[in-house]
Amino acid sequence: LKAVILIGGPQKGKCAGSAGAATGPRRHSLPPSPPLLSPAGTRFRPLSFEVPKPLFPVAGVPMVQHHIEACAKVPGMKEILLMGFYQPHEALSRFLVSAQQEFKIPIRYLQEYAALGTGGGIYHFRDQILSGGAEAFFVLNADVCSEFPLQEMLEFQQQHGDTQSFVILGTTANRTQALNYGCIVANTDTQEVQHYVEKPSTFVSEIINCGIYLFTPAIFQHIGEVFQRNQQELALEESSNGWQRAEVIRLEQDVFTALAGSGKLYVFKTDGFWSQIKSAGSAIYASRLYLNQYSKSHPERLAQNKPGGPIIRGNVYIHPTASIDSTAVLGPNVSIGEGVTVGAGVRVRESIVLHGASLHDHTCVLNTIVGWDSTIGRWSRVEGTPSDPNPNDPYAKIDSESLFRDGRLTPSITILGCSVTIPAEVVILNSIVLPHKELSRSYKNQIIL
């Protein structure tokens, strides 16, 4: 068995004001230049300026470490491959070395020469995946959080008696939100996928694709057919960059759509937790889901109320190197990073505080991500609006809303980039502050460039 984790890569376009602070903050009530609004990895700005998104800490550990932990627990797992188009990165290399030591399993990074899509990357590196005689392999998208029922997916595949079948992890969404995902129509008795549509324009099914798959080497024959077809089509276009574009293959649209109804593709439905991590706001929700799971999987990671320690409410992760005043109140759903300082009377709830940040006495931090080495002055309040799924709908997923609606910033969590300084006695509400900014007053519903 092997596992492939698709970590993607940096998106194009730089954001003005992301580095340096030669001038004071500029305010925009109207949408800024388009690069800030472009999709995919950019939705994680300004946090993704400092660290590759897969290494962003969720519930105290890098996002992709949750995937690696789940893969390493599966009996017979021989190797874990991270695949993406990030340039060789010091932080990524350090993480891989420490993860190999911790989980006692070979972990390698395979760098794509360009964004090849979810299928193009694994096809390009098929020899690496199959080396050593791999009989089956998991493919996991890095931007999801889940219980990762990998062992159950293996057992499900074996129960169907066809070693050449492929399995998609599916879950139930509500009818409206299902349109934002890949939708699966399956035989209710056999769970064979009969129809697959990626982000349909009208309702197709409430069962959605979780971005976690179990494949056998036979999948490469189907991806290869798409590759051949792409090459033939590109040969008819005279001026195209044929090789690179032929290799861009999307598992969902190009492969699953064709495999549906062939008797080779099945869906394993999970009732466990699952969510996408597309925006910074969804990272706080994912952190809550993982912290809840820690009571079973990693109780040692959850802070406890102790004499002389801070007041803990609900699930809280505190890095051992953090310095927390005994009068601080933390939780629920709080993650405190390495070397963080929390002063007297501080209140933190539904927030992620990243390493080196300092919360001075009597600050209040709610629904916020506090960036690396940022400082919040005494008696200041930093607050966002949670973007949680509807609590009254068991199948509701987190909405990935655009940054702006009707020309105004959509109320969401507040994000402070790295090395942001908030003065004493101000209020920062529903705002995004880019790195290296020194604010001088209160802000509401702003992107502070």
# chains A, B, ... in the order shown; residues from 1 in each chain; ligands from 1
>>> closest_atom_pairs(of="stretch 245-348 of chain A", to="stretch 112-125 of chain A", cutoff="6 Å", atoms="only C-alpha atoms", output="tab-separated table")
residue	atom	partner	partner_atom	distance
A:Glu247	CA	A:Gly120	CA	5.3
A:Val248	CA	A:Leu116	CA	4.3
A:Ile249	CA	A:Gly120	CA	4.4
A:Arg250	CA	A:Gly119	CA	4.9
A:Leu251	CA	A:Gly119	CA	4.6
>>> write_last_selection(atoms="N, CA and C atoms", output="PDB file, in the first residue's frame")
ATOM      1  N   GLU A 247      -0.947  16.899 -20.415  1.00  0.00           N
ATOM      2  CA  GLU A 247      -0.734  16.269 -19.116  1.00  0.00           C
ATOM      3  C   GLU A 247      -1.674  16.805 -18.043  1.00  0.00           C
ATOM      4  N   VAL A 248      -2.354  17.905 -18.303  1.00  0.00           N
ATOM      5  CA  VAL A 248      -3.293  18.439 -17.313  1.00  0.00           C
ATOM      6  C   VAL A 248      -4.563  17.587 -17.355  1.00  0.00           C
ATOM      7  N   ILE A 249      -4.739  16.764 -16.320  1.00  0.00           N
ATOM      8  CA  ILE A 249      -5.871  15.822 -16.275  1.00  0.00           C
ATOM      9  C   ILE A 249      -6.549  15.962 -14.917  1.00  0.00           C
ATOM     10  N   ARG A 250      -7.858  16.078 -14.940  1.00  0.00           N
ATOM     11  CA  ARG A 250      -8.632  16.207 -13.705  1.00  0.00           C
ATOM     12  C   ARG A 250      -9.329  14.872 -13.436  1.00  0.00           C
ATOM     13  N   LEU A 251      -9.010  14.263 -12.326  1.00  0.00           N
ATOM     14  CA  LEU A 251      -9.633  12.985 -11.979  1.00  0.00           C
ATOM     15  C   LEU A 251     -11.150  13.085 -12.034  1.00  0.00           C
TER      16      LEU A 251
END
>>> residues_around(residues="A:Asn209", least_positions_apart="4", cutoff="9 Å", atoms="only C-alpha atoms", output="PyMOL selection string")
chain A and resi 168-171+181-184+198+252+267
>>> atom_distance(atom1="atom CA of A:Ile107", atom2="atom CA of A:Ile80")
4.8 Å
>>> residues_around(residues="stretch 333-340 of chain A", least_positions_apart="3", cutoff="8 Å", atoms="only C-alpha atoms", output="ChimeraX atom specification")
/A:58-60,284,287-288,291,314-324,330,348-358
>>> write_last_selection(atoms="N, CA, C and O atoms", output="tab-separated table (two decimals), in the first residue's frame")
chain	number	residue	atom	x	y	z
A	58	VAL	N	-3.36	23.48	11.92
A	58	VAL	CA	-4.78	23.30	12.24
A	58	VAL	C	-4.85	22.37	13.45
A	58	VAL	O	-4.33	21.25	13.40
A	59	ALA	N	-5.44	22.86	14.55
A	59	ALA	CA	-5.48	22.12	15.82
A	59	ALA	C	-4.06	21.78	16.29
A	59	ALA	O	-3.80	20.70	16.82
A	60	GLY	N	-3.14	22.72	16.07
A	60	GLY	CA	-1.81	22.61	16.64
A	60	GLY	C	-0.77	21.92	15.80
A	60	GLY	O	0.42	21.98	16.12
A	284	ILE	N	-10.52	27.53	10.96
A	284	ILE	CA	-10.97	27.56	12.35
A	284	ILE	C	-12.03	26.47	12.58
A	284	ILE	O	-12.02	25.78	13.60
A	287	SER	N	-10.23	23.20	12.65
A	287	SER	CA	-9.54	23.07	13.94
A	287	SER	C	-10.51	22.55	15.01
A	287	SER	O	-10.15	21.68	15.81
A	288	ARG	N	-11.75	23.05	14.99
A	288	ARG	CA	-12.75	22.58	15.95
A	288	ARG	C	-13.02	21.07	15.78
A	288	ARG	O	-13.09	20.33	16.75
A	291	LEU	N	-9.94	19.14	17.06
A	291	LEU	CA	-9.85	19.21	18.52
A	291	LEU	C	-10.87	18.29	19.18
A	291	LEU	O	-10.58	17.64	20.19
A	314	GLY	N	-13.81	23.92	27.19
A	314	GLY	CA	-13.91	23.13	25.96
A	314	GLY	C	-12.54	22.65	25.50
A	314	GLY	O	-11.61	22.50	26.29
A	315	ASN	N	-12.43	22.41	24.20
A	315	ASN	CA	-11.20	21.84	23.63
A	315	ASN	C	-10.21	22.93	23.26
A	315	ASN	O	-10.52	23.82	22.46
A	316	VAL	N	-9.01	22.85	23.84
A	316	VAL	CA	-7.97	23.85	23.62
A	316	VAL	C	-6.64	23.13	23.44
A	316	VAL	O	-6.32	22.20	24.18
A	317	TYR	N	-5.85	23.57	22.44
A	317	TYR	CA	-4.48	23.08	22.27
A	317	TYR	C	-3.53	24.22	22.63
A	317	TYR	O	-3.68	25.35	22.15
A	318	ILE	N	-2.54	23.91	23.50
A	318	ILE	CA	-1.53	24.90	23.87
A	318	ILE	C	-0.16	24.28	23.64
A	318	ILE	O	0.15	23.22	24.21
A	319	HIS	N	0.67	24.91	22.82
A	319	HIS	CA	2.03	24.41	22.60
A	319	HIS	C	2.81	24.50	23.91
A	319	HIS	O	2.67	25.47	24.67
A	320	PRO	N	3.64	23.50	24.21
A	320	PRO	CA	4.37	23.49	25.49
A	320	PRO	C	5.22	24.73	25.74
A	320	PRO	O	5.49	25.08	26.89
A	321	THR	N	5.66	25.40	24.67
A	321	THR	CA	6.53	26.57	24.85
A	321	THR	C	5.76	27.87	25.05
A	321	THR	O	6.36	28.92	25.27
A	322	ALA	N	4.44	27.83	24.98
A	322	ALA	CA	3.64	29.06	25.13
A	322	ALA	C	3.61	29.48	26.61
A	322	ALA	O	3.65	28.64	27.51
A	323	SER	N	3.54	30.78	26.81
A	323	SER	CA	3.47	31.34	28.17
A	323	SER	C	2.09	31.96	28.38
A	323	SER	O	1.76	32.97	27.75
A	324	ILE	N	1.28	31.34	29.23
A	324	ILE	CA	-0.12	31.76	29.41
A	324	ILE	C	-0.32	32.21	30.86
A	324	ILE	O	-0.05	31.43	31.79
A	330	LEU	N	-9.34	30.60	28.03
A	330	LEU	CA	-9.16	30.11	26.65
A	330	LEU	C	-10.22	29.07	26.32
A	330	LEU	O	-10.50	28.18	27.12
A	348	VAL	N	-9.73	34.38	24.86
A	348	VAL	CA	-9.58	33.89	23.49
A	348	VAL	C	-10.62	32.80	23.26
A	348	VAL	O	-10.75	31.87	24.07
A	349	ARG	N	-11.35	32.91	22.15
A	349	ARG	CA	-12.38	31.92	21.83
A	349	ARG	C	-12.44	31.72	20.32
A	349	ARG	O	-12.31	32.69	19.56
A	350	GLU	N	-12.61	30.46	19.87
A	350	GLU	CA	-12.79	30.15	18.43
A	350	GLU	C	-11.70	30.83	17.59
A	350	GLU	O	-11.98	31.52	16.61
A	351	SER	N	-10.44	30.60	17.96
A	351	SER	CA	-9.35	31.32	17.29
A	351	SER	C	-8.10	30.45	17.20
A	351	SER	O	-7.93	29.50	17.96
A	352	ILE	N	-7.24	30.82	16.25
A	352	ILE	CA	-5.92	30.20	16.10
A	352	ILE	C	-4.89	31.32	16.31
A	352	ILE	O	-4.93	32.34	15.62
A	353	VAL	N	-3.98	31.12	17.27
A	353	VAL	CA	-2.93	32.10	17.55
A	353	VAL	C	-1.61	31.44	17.15
A	353	VAL	O	-1.19	30.44	17.74
A	354	LEU	N	-0.95	32.00	16.13
A	354	LEU	CA	0.23	31.36	15.55
A	354	LEU	C	1.52	31.76	16.27
A	354	LEU	O	1.54	32.73	17.04
A	355	HIS	N	2.59	31.01	16.01
A	355	HIS	CA	3.78	31.09	16.86
A	355	HIS	C	4.36	32.50	16.95
A	355	HIS	O	4.32	33.28	16.01
A	356	GLY	N	4.83	32.78	18.15
A	356	GLY	CA	5.50	34.06	18.40
A	356	GLY	C	4.57	35.24	18.63
A	356	GLY	O	5.04	36.35	18.87
A	357	ALA	N	3.26	35.02	18.55
A	357	ALA	CA	2.33	36.14	18.75
A	357	ALA	C	2.27	36.51	20.23
A	357	ALA	O	2.56	35.70	21.11
A	358	SER	N	1.88	37.75	20.49
A	358	SER	CA	1.80	38.25	21.86
A	358	SER	C	0.45	38.95	22.07
A	358	SER	O	0.13	39.91	21.35
>>> select_by_dssp(residues="stretch 100-212 of chain A", states="strand (DSSP E)", output="ChimeraX atom specification")
/A:107-111,137-141,144-146,166-172,182-186,193-198,207-212
>>> residues_around(residues="A:Pro88", least_positions_apart="2", cutoff="10 Å", atoms="only C-alpha atoms", output="mmCIF file with N, CA and C atoms, in the first residue's frame")
data_model
loop_
_atom_site.group_PDB
_atom_site.id
_atom_site.type_symbol
_atom_site.label_atom_id
_atom_site.label_comp_id
_atom_site.auth_asym_id
_atom_site.auth_seq_id
_atom_site.Cartn_x
_atom_site.Cartn_y
_atom_site.Cartn_z
ATOM 1 N N PHE A 85 3.300 21.410 -6.814
ATOM 2 C CA PHE A 85 4.231 22.204 -7.625
ATOM 3 C C PHE A 85 4.820 23.363 -6.832
ATOM 4 N N TYR A 86 4.926 23.186 -5.499
ATOM 5 C CA TYR A 86 5.736 24.116 -4.708
ATOM 6 C C TYR A 86 7.203 23.898 -5.071
ATOM 7 N N GLU A 90 12.356 25.231 2.264
ATOM 8 C CA GLU A 90 13.047 24.845 3.500
ATOM 9 C C GLU A 90 12.071 24.318 4.544
ATOM 10 N N ALA A 91 10.942 25.006 4.713
ATOM 11 C CA ALA A 91 9.962 24.582 5.721
ATOM 12 C C ALA A 91 9.395 23.202 5.374
ATOM 13 N N LEU A 92 9.138 22.974 4.074
ATOM 14 C CA LEU A 92 8.589 21.686 3.634
ATOM 15 C C LEU A 92 9.613 20.573 3.872
ATOM 16 N N SER A 93 10.878 20.832 3.553
ATOM 17 C CA SER A 93 11.931 19.826 3.762
ATOM 18 C C SER A 93 12.073 19.476 5.236
ATOM 19 N N TYR A 109 8.656 14.082 -1.273
ATOM 20 C CA TYR A 109 7.940 15.114 -2.023
ATOM 21 C C TYR A 109 8.298 15.009 -3.497
ATOM 22 N N LEU A 110 7.296 14.888 -4.356
ATOM 23 C CA LEU A 110 7.492 14.845 -5.802
ATOM 24 C C LEU A 110 6.984 16.161 -6.394
ATOM 25 N N GLN A 111 7.880 16.907 -7.004
ATOM 26 C CA GLN A 111 7.506 18.241 -7.503
ATOM 27 C C GLN A 111 7.102 18.180 -8.966
#
>>> residues_around(residues="A:Leu179", least_positions_apart="5", cutoff="8 Å", atoms="only C-alpha atoms", output="list in words")
Lys199, Pro200, Ser201, Thr202, Phe203 and Val204 of chain A
>>> residues_around(residues="A:Glu50", least_positions_apart="3", cutoff="9 Å", atoms="only C-alpha atoms", output="PyMOL selection string")
chain A and resi 46-47+53+372+417-418
>>> select_by_dssp(residues="stretch 92-185 of chain A", states="helix (DSSP H, G or I)", output="PyMOL selection string")
chain A and resi 92-103+117-124+126-130+150-159+177-180
>>> residues_around(residues="A:Pro106", least_positions_apart="2", cutoff="8 Å", atoms="only C-alpha atoms", output="CSV table (one decimal) with N, CA and C atoms, in the first residue's frame")
chain,number,residue,atom,x,y,z
A,78,LYS,N,3.5,1.4,3.0
A,78,LYS,CA,5.0,1.3,2.8
A,78,LYS,C,5.6,2.7,2.5
A,79,GLU,N,4.8,3.6,2.0
A,79,GLU,CA,5.4,4.9,1.6
A,79,GLU,C,4.3,5.9,1.4
A,80,ILE,N,4.6,7.2,1.8
A,80,ILE,CA,3.7,8.3,1.6
A,80,ILE,C,4.4,9.3,0.7
A,100,GLN,N,9.0,11.9,8.9
A,100,GLN,CA,9.6,10.6,8.7
A,100,GLN,C,10.0,10.0,10.0
A,104,LYS,N,7.9,6.9,11.4
A,104,LYS,CA,8.7,5.7,11.0
A,104,LYS,C,8.3,5.2,9.6
A,108,ARG,N,8.1,11.2,0.9
A,108,ARG,CA,8.9,12.0,-0.1
A,108,ARG,C,8.0,13.0,-0.8
>>> closest_residue(among="A:Thr410, A:Thr421, A:Ser205, A:Gln446", to="A:His360", atoms="only C-alpha atoms")
A:Thr421
>>> atom_distance(atom1="atom CA of A:Phe166", atom2="atom CA of A:Thr270")
16.0 Å
>>> closest_residue(among="A:Pro391, A:Tyr266, A:Arg45, A:Phe103", to="A:Pro435", atoms="only C-alpha atoms")
A:Arg45
>>> closest_residue(among="A:Gly224, A:Pro54, A:Gly371, A:Pro389", to="A:Lys437", atoms="only C-alpha atoms")
A:Gly371
>>> closest_residue(among="A:Asn174, A:Leu234, A:Pro394, A:Phe268", to="A:Thr188", atoms="only C-alpha atoms")
A:Phe268
>>> closest_residue(among="A:Leu140, A:Ile105, A:Val420, A:Val185", to="A:Ser374", atoms="only C-alpha atoms")
A:Val420
>>> decode(residues="stretch 201-221 of chain A", atoms="N, CA, C and O atoms", output="CSV table (one decimal), in the first residue's frame")
chain,number,residue,atom,x,y,z
A,201,SER,N,-25.1,22.1,-12.5
A,201,SER,CA,-25.9,23.3,-12.4
A,201,SER,C,-27.2,23.1,-11.8
A,201,SER,O,-27.9,24.1,-11.4
A,202,THR,N,-27.7,21.9,-11.8
A,202,THR,CA,-29.0,21.5,-11.2
A,202,THR,C,-28.8,20.3,-10.2
A,202,THR,O,-27.8,19.6,-10.3
A,203,PHE,N,-29.7,20.1,-9.4
A,203,PHE,CA,-29.6,19.0,-8.3
A,203,PHE,C,-29.4,17.7,-9.0
A,203,PHE,O,-30.2,17.3,-9.9
A,204,VAL,N,-28.4,16.9,-8.5
A,204,VAL,CA,-28.1,15.6,-9.1
A,204,VAL,C,-28.2,14.6,-7.9
A,204,VAL,O,-28.9,13.5,-8.0
A,205,SER,N,-27.5,14.9,-6.8
A,205,SER,CA,-27.5,13.9,-5.7
A,205,SER,C,-27.0,14.6,-4.4
A,205,SER,O,-26.3,15.7,-4.5
A,206,GLU,N,-27.4,14.1,-3.3
A,206,GLU,CA,-26.9,14.7,-2.0
A,206,GLU,C,-25.6,14.0,-1.6
A,206,GLU,O,-25.0,14.5,-0.6
A,207,ILE,N,-25.2,13.0,-2.3
A,207,ILE,CA,-23.9,12.3,-2.0
A,207,ILE,C,-22.8,13.1,-2.7
A,207,ILE,O,-22.8,13.1,-3.9
A,208,ILE,N,-21.8,13.6,-2.0
A,208,ILE,CA,-20.7,14.4,-2.6
A,208,ILE,C,-19.4,13.7,-2.4
A,208,ILE,O,-19.2,12.9,-1.5
A,209,ASN,N,-18.5,14.1,-3.3
A,209,ASN,CA,-17.1,13.5,-3.3
A,209,ASN,C,-16.3,14.2,-2.2
A,209,ASN,O,-16.2,15.5,-2.2
A,210,CYS,N,-15.6,13.4,-1.4
A,210,CYS,CA,-14.8,14.0,-0.3
A,210,CYS,C,-13.4,14.3,-0.7
A,210,CYS,O,-12.6,14.7,0.2
A,211,GLY,N,-13.0,13.9,-1.9
A,211,GLY,CA,-11.6,14.2,-2.3
A,211,GLY,C,-10.6,13.2,-1.7
A,211,GLY,O,-9.4,13.5,-1.6
A,212,ILE,N,-11.1,12.0,-1.4
A,212,ILE,CA,-10.2,10.9,-0.8
A,212,ILE,C,-10.6,9.6,-1.6
A,212,ILE,O,-11.7,9.2,-1.6
A,213,TYR,N,-9.5,9.0,-2.2
A,213,TYR,CA,-9.8,7.9,-3.1
A,213,TYR,C,-8.9,6.7,-2.8
A,213,TYR,O,-7.8,6.9,-2.3
A,214,LEU,N,-9.3,5.5,-3.2
A,214,LEU,CA,-8.5,4.3,-3.1
A,214,LEU,C,-8.5,3.7,-4.5
A,214,LEU,O,-9.5,3.4,-5.1
A,215,PHE,N,-7.3,3.6,-5.1
A,215,PHE,CA,-7.1,3.2,-6.5
A,215,PHE,C,-6.2,1.9,-6.5
A,215,PHE,O,-5.4,1.7,-5.6
A,216,THR,N,-6.3,1.2,-7.6
A,216,THR,CA,-5.4,0.1,-7.9
A,216,THR,C,-4.6,0.6,-9.1
A,216,THR,O,-4.9,1.6,-9.7
A,217,PRO,N,-3.5,-0.1,-9.4
A,217,PRO,CA,-2.7,0.4,-10.6
A,217,PRO,C,-3.5,0.5,-11.9
A,217,PRO,O,-3.1,1.2,-12.8
A,218,ALA,N,-4.6,-0.2,-12.0
A,218,ALA,CA,-5.5,-0.2,-13.2
A,218,ALA,C,-6.0,1.2,-13.5
A,218,ALA,O,-6.4,1.5,-14.6
A,219,ILE,N,-6.0,2.1,-12.5
A,219,ILE,CA,-6.5,3.4,-12.8
A,219,ILE,C,-5.6,4.1,-13.8
A,219,ILE,O,-6.1,5.0,-14.6
A,220,PHE,N,-4.3,3.8,-13.9
A,220,PHE,CA,-3.5,4.5,-14.9
A,220,PHE,C,-3.9,4.2,-16.3
A,220,PHE,O,-3.6,5.0,-17.2
A,221,GLN,N,-4.5,3.0,-16.6
A,221,GLN,CA,-5.0,2.8,-17.9
A,221,GLN,C,-6.1,3.8,-18.3
A,221,GLN,O,-6.1,4.3,-19.4
